[in-house]
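The structure file structure_36.txt is reproduced below (compact mmCIF, C-alpha atoms).
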```txt
# COMPACT_ATOMS: atom_id res chain seq x y z
CA MET A 1078 158.60 144.69 -43.68
CA GLN A 1079 158.02 140.92 -43.68
CA LYS A 1080 156.15 139.80 -46.81
CA CYS A 1081 153.13 137.56 -46.34
CA ILE A 1082 152.50 134.57 -48.58
CA LEU A 1083 149.05 133.03 -48.36
CA ILE A 1084 148.93 129.42 -49.56
CA TYR A 1085 145.68 127.64 -50.40
CA GLU A 1086 146.11 123.86 -50.71
CA ASP A 1087 143.88 121.04 -49.50
CA ASP A 1088 146.74 118.52 -49.29
CA LEU A 1089 148.05 119.27 -45.81
CA GLU A 1090 151.42 117.60 -46.44
CA ILE A 1091 152.10 119.79 -49.47
CA LEU A 1092 150.97 122.79 -47.46
CA GLN A 1093 153.42 121.95 -44.68
CA LEU A 1094 156.25 121.34 -47.17
CA CYS A 1095 155.68 124.73 -48.81
CA ARG A 1096 155.82 126.35 -45.38
CA THR A 1097 159.05 124.48 -44.53
CA ILE A 1098 160.64 125.56 -47.82
CA LEU A 1099 159.53 129.21 -47.84
CA ALA A 1100 159.64 130.22 -44.16
CA PRO A 1101 163.49 130.33 -43.94
CA SER A 1102 163.46 133.02 -46.66
CA GLY A 1103 161.88 135.37 -44.12
CA TYR A 1104 158.30 135.31 -45.36
CA ARG A 1105 155.29 135.18 -43.10
CA ILE A 1106 153.48 132.05 -44.31
CA GLU A 1107 149.73 131.69 -43.90
CA THR A 1108 148.10 128.44 -44.97
CA LEU A 1109 144.46 127.52 -45.63
CA SER A 1110 142.97 124.25 -46.85
CA HIS A 1111 139.86 125.75 -48.50
CA CYS A 1112 139.22 128.93 -50.40
CA ASP A 1113 135.50 129.52 -49.87
CA ASN A 1114 136.05 132.70 -47.83
CA ILE A 1115 138.83 134.16 -49.92
CA VAL A 1116 137.62 137.76 -49.71
CA ALA A 1117 137.40 137.61 -45.89
CA ASP A 1118 140.78 135.82 -45.75
CA ILE A 1119 142.43 138.63 -47.71
CA GLU A 1120 140.91 141.30 -45.46
CA GLN A 1121 142.19 139.49 -42.40
CA LEU A 1122 145.65 138.36 -43.54
CA HIS A 1123 146.68 141.09 -46.04
CA PRO A 1124 148.88 138.80 -48.17
CA ASP A 1125 151.49 140.19 -50.55
CA ALA A 1126 151.12 137.13 -52.80
CA ILE A 1127 148.83 134.13 -53.04
CA LEU A 1128 149.68 130.57 -54.01
CA MET A 1129 146.44 128.91 -55.05
CA ASP A 1130 145.82 125.25 -55.76
CA LEU A 1131 143.45 124.77 -58.68
CA TRP A 1132 141.51 121.77 -57.35
CA ILE A 1133 140.58 122.88 -53.87
CA PRO A 1134 137.29 122.62 -51.99
CA GLU A 1135 134.65 123.79 -52.36
CA ILE A 1136 134.58 126.37 -55.10
CA GLY A 1137 137.96 125.62 -56.71
CA GLY A 1138 140.92 127.93 -57.29
CA GLU A 1139 139.65 129.35 -60.57
CA GLN A 1140 136.40 130.64 -59.10
CA ALA A 1141 138.17 131.83 -55.95
CA ILE A 1142 140.52 133.99 -58.02
CA ALA A 1143 137.55 135.40 -59.93
CA LEU A 1144 135.94 136.33 -56.60
CA LEU A 1145 139.18 137.90 -55.45
CA LYS A 1146 139.52 140.01 -58.58
CA GLU A 1147 135.95 141.26 -58.33
CA ARG A 1148 137.20 143.71 -55.72
CA VAL A 1149 139.25 146.52 -57.21
CA GLY A 1150 141.53 146.70 -54.16
CA ASN A 1151 142.49 143.03 -54.51
CA ARG A 1152 143.29 143.02 -58.22
CA ASP A 1153 146.96 143.85 -57.71
CA ILE A 1154 147.64 140.96 -55.34
CA PRO A 1155 149.76 138.58 -57.42
CA VAL A 1156 148.43 135.05 -57.66
CA ILE A 1157 150.44 131.95 -58.55
CA LEU A 1158 148.26 129.03 -59.54
CA PHE A 1159 149.57 125.55 -58.88
CA SER A 1160 148.07 122.31 -60.01
CA ALA A 1161 148.51 118.82 -61.42
CA ASN A 1162 146.17 119.84 -64.27
CA ASP A 1163 148.08 119.82 -67.55
CA GLU A 1164 146.04 122.78 -68.78
CA ILE A 1165 147.32 124.95 -65.96
CA GLU A 1166 149.06 127.40 -68.32
CA ALA A 1167 145.85 128.20 -70.22
CA ILE A 1168 143.82 128.40 -67.00
CA SER A 1169 146.42 130.67 -65.45
CA LYS A 1170 146.15 133.08 -68.41
CA ARG A 1171 142.36 132.94 -68.27
CA VAL A 1172 142.23 133.98 -64.60
CA GLN A 1173 145.06 136.51 -65.07
CA ALA A 1174 147.32 134.81 -62.55
CA LYS A 1175 150.86 136.18 -62.44
CA GLY A 1176 152.32 132.72 -62.93
CA PHE A 1177 151.77 129.00 -62.52
CA LEU A 1178 153.51 125.99 -61.02
CA LYS A 1179 153.01 122.54 -62.46
CA LYS A 1180 152.92 119.78 -59.85
CA PRO A 1181 155.24 118.19 -59.03
CA PHE A 1182 157.63 121.12 -58.72
CA ASP A 1183 161.04 121.38 -57.07
CA ILE A 1184 162.28 123.65 -54.30
CA ALA A 1185 164.13 126.07 -56.57
CA THR A 1186 161.12 126.56 -58.84
CA LEU A 1187 158.83 127.22 -55.88
CA LYS A 1188 161.21 129.80 -54.44
CA GLU A 1189 161.76 131.46 -57.85
CA MET A 1190 158.04 131.67 -58.49
CA VAL A 1191 157.34 133.27 -55.10
CA ALA A 1192 160.16 135.79 -55.67
CA PHE A 1193 158.71 136.52 -59.12
CA ALA A 1194 155.24 137.03 -57.64
CA LEU A 1195 156.64 139.57 -55.18
CA SER A 1196 158.79 141.34 -57.76
CA MET B 1337 99.80 127.58 -73.18
CA GLU B 1338 99.65 124.70 -75.66
CA ASP B 1339 102.26 126.45 -77.83
CA THR B 1340 104.54 126.82 -74.80
CA ASN B 1341 104.18 123.10 -74.00
CA CYS B 1342 104.90 122.16 -77.63
CA LEU B 1343 108.02 124.34 -77.64
CA LYS B 1344 109.18 122.84 -74.35
CA SER B 1345 108.73 119.29 -75.56
CA GLU B 1346 110.47 120.13 -78.87
CA ILE B 1347 113.43 121.58 -76.93
CA GLU B 1348 113.54 118.41 -74.80
CA ARG B 1349 113.34 116.26 -77.94
CA LEU B 1350 116.25 118.16 -79.53
CA ASP B 1351 118.32 117.85 -76.33
CA GLU B 1352 117.61 114.14 -76.33
CA LEU B 1353 118.59 113.86 -80.02
CA ASN B 1354 121.86 115.70 -79.36
CA ALA B 1355 122.67 113.33 -76.50
CA TYR B 1356 122.77 110.45 -79.00
CA ALA B 1357 125.35 112.28 -81.16
CA LEU B 1358 123.75 111.04 -84.39
CA LEU B 1359 122.74 114.22 -86.20
CA ASP B 1360 125.10 115.17 -89.05
CA THR B 1361 127.26 112.09 -88.50
CA PRO B 1362 128.50 109.87 -91.34
CA ARG B 1363 126.79 106.82 -92.75
CA ASP B 1364 127.09 103.62 -90.71
CA PRO B 1365 126.97 100.06 -92.10
CA TYR B 1366 124.54 98.90 -89.38
CA PHE B 1367 122.02 101.59 -90.31
CA ASP B 1368 122.51 100.83 -94.03
CA ARG B 1369 121.69 97.15 -93.39
CA ILE B 1370 118.42 98.12 -91.71
CA THR B 1371 117.26 100.35 -94.63
CA ARG B 1372 118.30 97.71 -97.14
CA LEU B 1373 116.38 95.08 -95.19
CA ALA B 1374 113.28 97.33 -94.99
CA ALA B 1375 113.42 98.01 -98.74
CA CYS B 1376 113.72 94.26 -99.45
CA ILE B 1377 110.90 93.26 -97.09
CA PHE B 1378 108.44 95.83 -98.49
CA GLU B 1379 109.76 95.72 -102.07
CA VAL B 1380 110.14 99.52 -102.25
CA PRO B 1381 112.89 101.48 -104.01
CA VAL B 1382 113.69 103.81 -101.07
CA SER B 1383 114.13 103.40 -97.33
CA LEU B 1384 115.45 106.07 -94.99
CA ILE B 1385 116.65 106.45 -91.43
CA SER B 1386 116.14 110.10 -90.59
CA PHE B 1387 116.89 112.19 -87.55
CA VAL B 1388 114.87 115.38 -87.20
CA GLY B 1389 117.01 118.32 -86.08
CA ALA B 1390 115.92 121.90 -85.28
CA ASP B 1391 116.03 123.05 -88.89
CA HIS B 1392 116.89 120.04 -91.01
CA ILE B 1393 116.40 116.31 -91.35
CA TRP B 1394 119.58 114.23 -91.43
CA PHE B 1395 119.57 110.96 -93.37
CA LYS B 1396 121.81 108.63 -91.43
CA SER B 1397 121.03 106.00 -94.04
CA ALA B 1398 119.28 106.43 -97.40
CA PHE B 1399 118.81 103.21 -99.36
CA GLY B 1400 117.90 104.16 -102.93
CA LEU B 1401 118.81 107.84 -102.37
CA GLU B 1402 122.48 107.44 -101.53
CA HIS B 1403 123.44 110.86 -102.92
CA ILE B 1404 121.17 112.75 -100.49
CA SER B 1405 122.25 113.34 -96.90
CA TRP B 1406 119.78 115.92 -95.62
CA THR B 1407 116.68 117.96 -96.41
CA GLU B 1408 114.78 120.89 -94.90
CA ARG B 1409 112.32 120.01 -92.11
CA CYS B 1410 109.55 121.17 -94.42
CA PRO B 1411 108.50 119.47 -96.75
CA GLY B 1412 110.11 116.36 -95.17
CA LEU B 1413 107.36 113.92 -94.23
CA CYS B 1414 109.50 112.60 -91.41
CA SER B 1415 108.66 115.75 -89.40
CA SER B 1416 105.01 114.62 -89.41
CA ALA B 1417 105.89 110.98 -88.72
CA ILE B 1418 107.58 111.82 -85.40
CA LEU B 1419 104.54 113.65 -84.01
CA ASP B 1420 102.92 110.36 -83.02
CA ASP B 1421 104.11 107.01 -81.69
CA ALA B 1422 101.93 105.12 -84.18
CA LEU B 1423 102.97 104.21 -87.72
CA TYR B 1424 102.50 107.10 -90.14
CA VAL B 1425 101.12 105.66 -93.37
CA VAL B 1426 100.21 107.42 -96.61
CA GLU B 1427 99.03 104.85 -99.14
CA ASP B 1428 98.40 107.25 -102.00
CA ALA B 1429 99.97 110.63 -101.39
CA LEU B 1430 98.15 112.34 -104.29
CA SER B 1431 94.72 111.63 -102.85
CA ASP B 1432 95.70 112.05 -99.18
CA PRO B 1433 94.91 115.58 -97.90
CA ARG B 1434 97.96 115.43 -95.57
CA THR B 1435 100.35 115.14 -98.49
CA SER B 1436 98.61 116.04 -101.77
CA GLY B 1437 100.15 119.54 -101.82
CA ASN B 1438 103.63 118.43 -100.70
CA PRO B 1439 106.37 119.28 -103.26
CA LEU B 1440 107.83 115.78 -102.82
CA VAL B 1441 104.50 114.48 -104.14
CA THR B 1442 103.69 117.14 -106.76
CA GLY B 1443 107.30 117.63 -107.89
CA ALA B 1444 109.84 115.59 -109.86
CA PHE B 1445 110.47 113.14 -107.01
CA GLY B 1446 106.94 111.78 -107.49
CA LEU B 1447 106.40 110.28 -104.04
CA ARG B 1448 103.18 108.23 -103.84
CA PHE B 1449 103.59 105.87 -100.90
CA TYR B 1450 105.16 106.68 -97.53
CA ALA B 1451 105.19 104.75 -94.27
CA ALA B 1452 107.30 105.54 -91.21
CA ALA B 1453 107.86 104.17 -87.72
CA PRO B 1454 109.15 106.72 -85.21
CA LEU B 1455 112.47 106.11 -83.47
CA LYS B 1456 111.45 106.46 -79.85
CA THR B 1457 114.07 106.87 -77.14
CA ALA B 1458 113.95 105.28 -73.69
CA LYS B 1459 112.82 108.66 -72.34
CA GLY B 1460 109.95 108.78 -74.83
CA SER B 1461 111.17 111.31 -77.43
CA ASN B 1462 110.73 110.58 -81.12
CA ILE B 1463 114.10 111.64 -82.48
CA GLY B 1464 113.63 110.38 -86.01
CA ALA B 1465 112.00 107.72 -88.15
CA LEU B 1466 112.59 104.61 -90.21
CA SER B 1467 110.62 105.07 -93.42
CA ILE B 1468 109.84 103.30 -96.68
CA ILE B 1469 108.95 105.17 -99.87
CA ASP B 1470 107.56 104.20 -103.26
CA ARG B 1471 106.77 106.15 -106.41
CA GLN B 1472 103.52 104.30 -106.83
CA PRO B 1473 100.59 103.88 -104.42
CA ARG B 1474 100.95 100.85 -102.16
CA LYS B 1475 98.75 99.08 -99.67
CA PHE B 1476 100.05 96.69 -97.02
CA PRO B 1477 98.10 94.77 -94.40
CA SER B 1478 98.73 96.15 -90.90
CA SER B 1479 100.35 92.83 -89.89
CA ARG B 1480 103.04 93.39 -92.51
CA LEU B 1481 103.47 97.07 -91.71
CA SER B 1482 104.08 96.16 -88.08
CA ILE B 1483 107.41 94.74 -89.29
CA LEU B 1484 108.48 98.37 -89.85
CA HIS B 1485 107.84 99.03 -86.16
CA LEU B 1486 109.86 95.95 -85.24
CA LEU B 1487 112.78 97.12 -87.38
CA ALA B 1488 112.58 100.59 -85.77
CA ASP B 1489 112.63 98.95 -82.31
CA MET B 1490 115.67 96.85 -83.31
CA LEU B 1491 117.40 99.97 -84.56
CA MET B 1492 116.64 101.86 -81.34
CA SER B 1493 118.03 98.98 -79.26
CA HIS B 1494 121.25 99.30 -81.24
CA ILE B 1495 121.27 103.10 -80.82
CA GLU B 1496 120.67 102.85 -77.04
CA LEU B 1497 123.39 100.22 -76.68
CA SER B 1498 125.87 102.34 -78.67
CA ARG B 1499 125.06 105.37 -76.54
CA GLY B 1500 125.53 103.37 -73.32
CA MET B 1501 128.89 102.05 -74.52
CA ARG B 1502 130.01 105.53 -75.62
CA GLU B 1503 129.05 107.04 -72.26
CA GLN B 1504 130.79 104.25 -70.39
CA ARG B 1505 133.92 104.76 -72.52
CA LEU B 1506 133.88 108.50 -71.80
CA SER B 1507 133.28 108.05 -68.11
CA SER B 1508 136.07 105.50 -67.63
CA TYR B 1509 138.35 107.75 -69.71
CA GLU B 1510 137.57 110.75 -67.44
CA ALA B 1511 138.03 108.64 -64.28
CA THR B 1512 141.39 107.27 -65.48
CA ARG B 1513 142.58 110.73 -66.45
CA ALA B 1514 141.60 112.12 -63.03
CA MET B 1515 143.42 109.26 -61.28
CA VAL B 1516 146.57 109.84 -63.34
CA HIS B 1517 146.41 113.53 -62.42
CA ASP B 1518 145.91 112.64 -58.75
CA LEU B 1519 149.23 110.78 -58.75
CA LYS B 1520 150.95 114.14 -59.05
CA ASN B 1521 150.10 115.24 -55.49
CA PRO B 1522 151.92 112.33 -53.78
CA LEU B 1523 154.73 112.78 -56.32
CA THR B 1524 155.02 116.43 -55.28
CA ILE B 1525 155.44 115.29 -51.68
CA ILE B 1526 157.98 112.59 -52.63
CA THR B 1527 160.16 114.90 -54.70
CA LEU B 1528 160.01 117.91 -52.33
CA GLN B 1529 160.59 115.86 -49.19
CA THR B 1530 163.54 113.96 -50.66
CA GLU B 1531 165.05 117.19 -52.00
CA LEU B 1532 164.78 118.74 -48.54
CA MET B 1533 166.49 115.69 -47.00
CA GLU B 1534 169.28 115.88 -49.58
CA LEU B 1535 169.94 119.50 -48.58
CA GLU B 1536 170.01 118.70 -44.87
CA GLN B 1537 173.69 118.54 -43.87
CA GLN B 1538 173.04 116.65 -40.63
CA VAL B 1539 171.57 113.69 -42.52
CA PRO B 1540 174.15 110.92 -43.09
CA PRO B 1541 175.51 110.76 -46.67
CA GLU B 1542 174.08 107.29 -47.36
CA ILE B 1543 170.59 108.52 -46.41
CA ARG B 1544 171.07 111.58 -48.60
CA GLU B 1545 172.12 109.33 -51.47
CA ALA B 1546 169.00 107.19 -50.90
CA CYS B 1547 166.86 110.34 -50.97
CA SER B 1548 168.54 111.38 -54.19
CA GLN B 1549 167.62 108.01 -55.74
CA VAL B 1550 163.99 108.32 -54.62
CA ASN B 1551 163.92 111.88 -55.97
CA ARG B 1552 165.23 110.75 -59.37
CA ALA B 1553 162.69 107.91 -59.43
CA GLY B 1554 159.94 110.43 -58.61
CA LYS B 1555 161.02 112.65 -61.49
CA LYS B 1556 161.08 109.63 -63.80
CA MET B 1557 157.55 108.73 -62.73
CA THR B 1558 156.48 112.31 -63.44
CA GLY B 1559 157.85 111.95 -66.97
CA ILE B 1560 155.89 108.71 -67.46
CA ILE B 1561 152.69 110.28 -66.13
CA ASN B 1562 153.09 113.29 -68.41
CA ALA B 1563 153.63 110.98 -71.40
CA LEU B 1564 150.53 109.03 -70.42
CA LEU B 1565 148.47 112.22 -70.13
CA ALA B 1566 149.73 113.36 -73.54
CA LEU B 1567 148.56 110.03 -75.00
CA MET B 1568 145.17 110.56 -73.34
CA LYS B 1569 144.84 114.10 -74.67
CA GLU B 1570 142.32 113.00 -77.27
CA ARG B 1571 138.96 112.00 -75.82
CA PRO B 1572 137.29 108.84 -77.16
CA ARG B 1573 135.17 109.46 -80.27
CA ASP B 1574 131.78 111.01 -79.58
CA ASN B 1575 130.13 109.10 -82.40
CA PRO B 1576 128.71 105.69 -81.69
```
Turn the structure described in the file into structure tokens.
Amino acid sequence: MQKCILIYEDDLEILQLCRTILAPSGYRIETLSHCDNIVADIEQLHPDAILMDLWIPEIGGEQAIALLKERVGNRDIPVILFSANDEIEAISKRVQAKGFLKKPFDIATLKEMVAFALS
Amino acid sequence: MEDTNCLKSEIERLDELNAYALLDTPRDPYFDRITRLAACIFEVPVSLISFVGADHIWFKSAFGLEHISWTERCPGLCSSAILDDALYVVEDALSDPRTSGNPLVTGAFGLRFYAAAPLKTAKGSNIGALSIIDRQPRKFPSSRLSILHLLADMLMSHIELSRGMREQRLSSYEATRAMVHDLKNPLTIITLQTELMELEQQVPPEIREACSQVNRAGKKMTGIINALLALMKERPRDNP
């Protein structure tokens, strides 16, 4: 069955690039530019993994992940945090993300991280 | 109700004091010059600049008592001096009912004269005091004592200016750091887009080579930005 990757990123060009890079690998790519309704998004899109930008309107990636993990059924959805913030590693541990991507990243790293999230 | 109001205003006063980042900070030559000047003007052996914290009084400067840096809030007279905006003057502590039982008066220290001007912030909180102390009773005309108020006002102008400069330094530091971080989003686009172009077989080789150059330049810029962020890791000093 086709795996679904949900990407939250407010920079639409980065969002489009991620779609261009990941779609040929056979994933269903869903993209959103804000994360305020994350719980409803998950119920609607049933992602197998989430790529979450840290600085995203309005509530920010960190709080969005906390909201996501409040629901027992969502806790196993792997989250990869990506950000320009140089404290991304510590933040990623704090929110129990499966991994993190430091911006700027390259194509291979993005693909590897998504494969790792789904593993 | 009155107790609740007192507690509220004391909490506000302590918040205000903390915002100046002066409590428990080292001696400062500017503050030392003010206490030395006060001691010279009033011909007293001791002059203090004190900041009154929740449970102790911090001597930012202590002319004549250089070995002491703090004391308990009680029996410190400075705690009383900050309760009012007016000068707090005790001409003869042994005969003054406010101080006659105070251990600083009855004990080895032998305090007899005390005068203090509160250090009032722009928001109206008395965060500390500039005081002069003698071991013998003293009496000054009010015109001369008003100089103590003037010195306290001068000191507060310096404190407010230092705070303003510190806050400006911190805010421009935060803004610069955010801007440096923000460069990483366009760099992500530059490096990903050029990498995609390089992988595209239908793109002519010279264009692919140009993309490769832009990609390498983008990675170099990332290295510079990371080095810059590492240099900016330490925030500017909190102390004025």
Using only C-alpha atoms, I'd like a table of the residues in chain B that come within 9 Å of chain A; for each, show the closest atom pair and its distance in Å rounded to one decimal, ordered by chain and ascending number, as JSON lines.
```
{"residue": "B:His1517", "atom": "CA", "partner": "A:Ala1161", "partner_atom": "CA", "distance": 5.8}
{"residue": "B:Asp1518", "atom": "CA", "partner": "A:Ala1161", "partner_atom": "CA", "distance": 7.2}
{"residue": "B:Leu1519", "atom": "CA", "partner": "A:Ala1161", "partner_atom": "CA", "distance": 8.5}
{"residue": "B:Lys1520", "atom": "CA", "partner": "A:Ala1161", "partner_atom": "CA", "distance": 5.8}
{"residue": "B:Asn1521", "atom": "CA", "partner": "A:Lys1180", "partner_atom": "CA", "distance": 6.9}
{"residue": "B:Pro1522", "atom": "CA", "partner": "A:Pro1181", "partner_atom": "CA", "distance": 8.5}
{"residue": "B:Leu1523", "atom": "CA", "partner": "A:Pro1181", "partner_atom": "CA", "distance": 6.1}
{"residue": "B:Thr1524", "atom": "CA", "partner": "A:Pro1181", "partner_atom": "CA", "distance": 4.1}
{"residue": "B:Ile1525", "atom": "CA", "partner": "A:Ile1091", "partner_atom": "CA", "distance": 6.0}
{"residue": "B:Ile1526", "atom": "CA", "partner": "A:Pro1181", "partner_atom": "CA", "distance": 8.9}
{"residue": "B:Thr1527", "atom": "CA", "partner": "A:Asp1183", "partner_atom": "CA", "distance": 7.0}
{"residue": "B:Leu1528", "atom": "CA", "partner": "A:Asp1183", "partner_atom": "CA", "distance": 6.0}
{"residue": "B:Gln1529", "atom": "CA", "partner": "A:Leu1094", "partner_atom": "CA", "distance": 7.3}
{"residue": "B:Glu1531", "atom": "CA", "partner": "A:Ile1184", "partner_atom": "CA", "distance": 7.4}
{"residue": "B:Leu1532", "atom": "CA", "partner": "A:Ile1184", "partner_atom": "CA", "distance": 8.0}
{"residue": "B:Lys1555", "atom": "CA", "partner": "A:Pro1181", "partner_atom": "CA", "distance": 8.4}
{"residue": "B:Thr1558", "atom": "CA", "partner": "A:Pro1181", "partner_atom": "CA", "distance": 7.5}
{"residue": "B:Asn1562", "atom": "CA", "partner": "A:Asp1163", "partner_atom": "CA", "distance": 8.3}
{"residue": "B:Leu1565", "atom": "CA", "partner": "A:Asp1163", "partner_atom": "CA", "distance": 8.0}
{"residue": "B:Ala1566", "atom": "CA", "partner": "A:Asp1163", "partner_atom": "CA", "distance": 9.0}
```
**Request:** Compare B:Pro1411, B:Pro1381, B:Gly1464, B:Pro1540 by their minimum atom-to-atom distance to Asn1354 in chain B, counting all atoms listed in the file, and give me the closest one.
**Result:**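 Closest candidate: B:Gly1464.
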Hey, can I get the axis-aligned box for range 1137-1142 of chain A? All listed atoms, 5 Å padding on each side, centre and edge lengths in Å to one decimal, as JSON.
```
{"center_x": 138.7, "center_y": 129.8, "center_z": -58.3, "size_x": 14.5, "size_y": 18.4, "size_z": 14.6}
```
**Asked** Rounded to one decimal in Å, what is the spacing between CA of Ser1102 in chain A and CA of Asn1151 in chain A?
**Response**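 These two atoms are separated by 24.5 Å.
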**Asked** Do you have the CA of Lys1569 in chain B-CA of His1494 in chain B distance handy?
**Response**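 CA of His1494 in chain B lies at a distance of 28.6 Å from CA of Lys1569 in chain B.
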**Asked** Leaving out Glu1534 in chain B and any residue of its chain fewer than 3 positions from it, which residues lie within 7 Å of it when counting all atoms listed in the file, given as a ChimeraX atom specification?
**Response** /B:1530-1531,1544,1547-1548
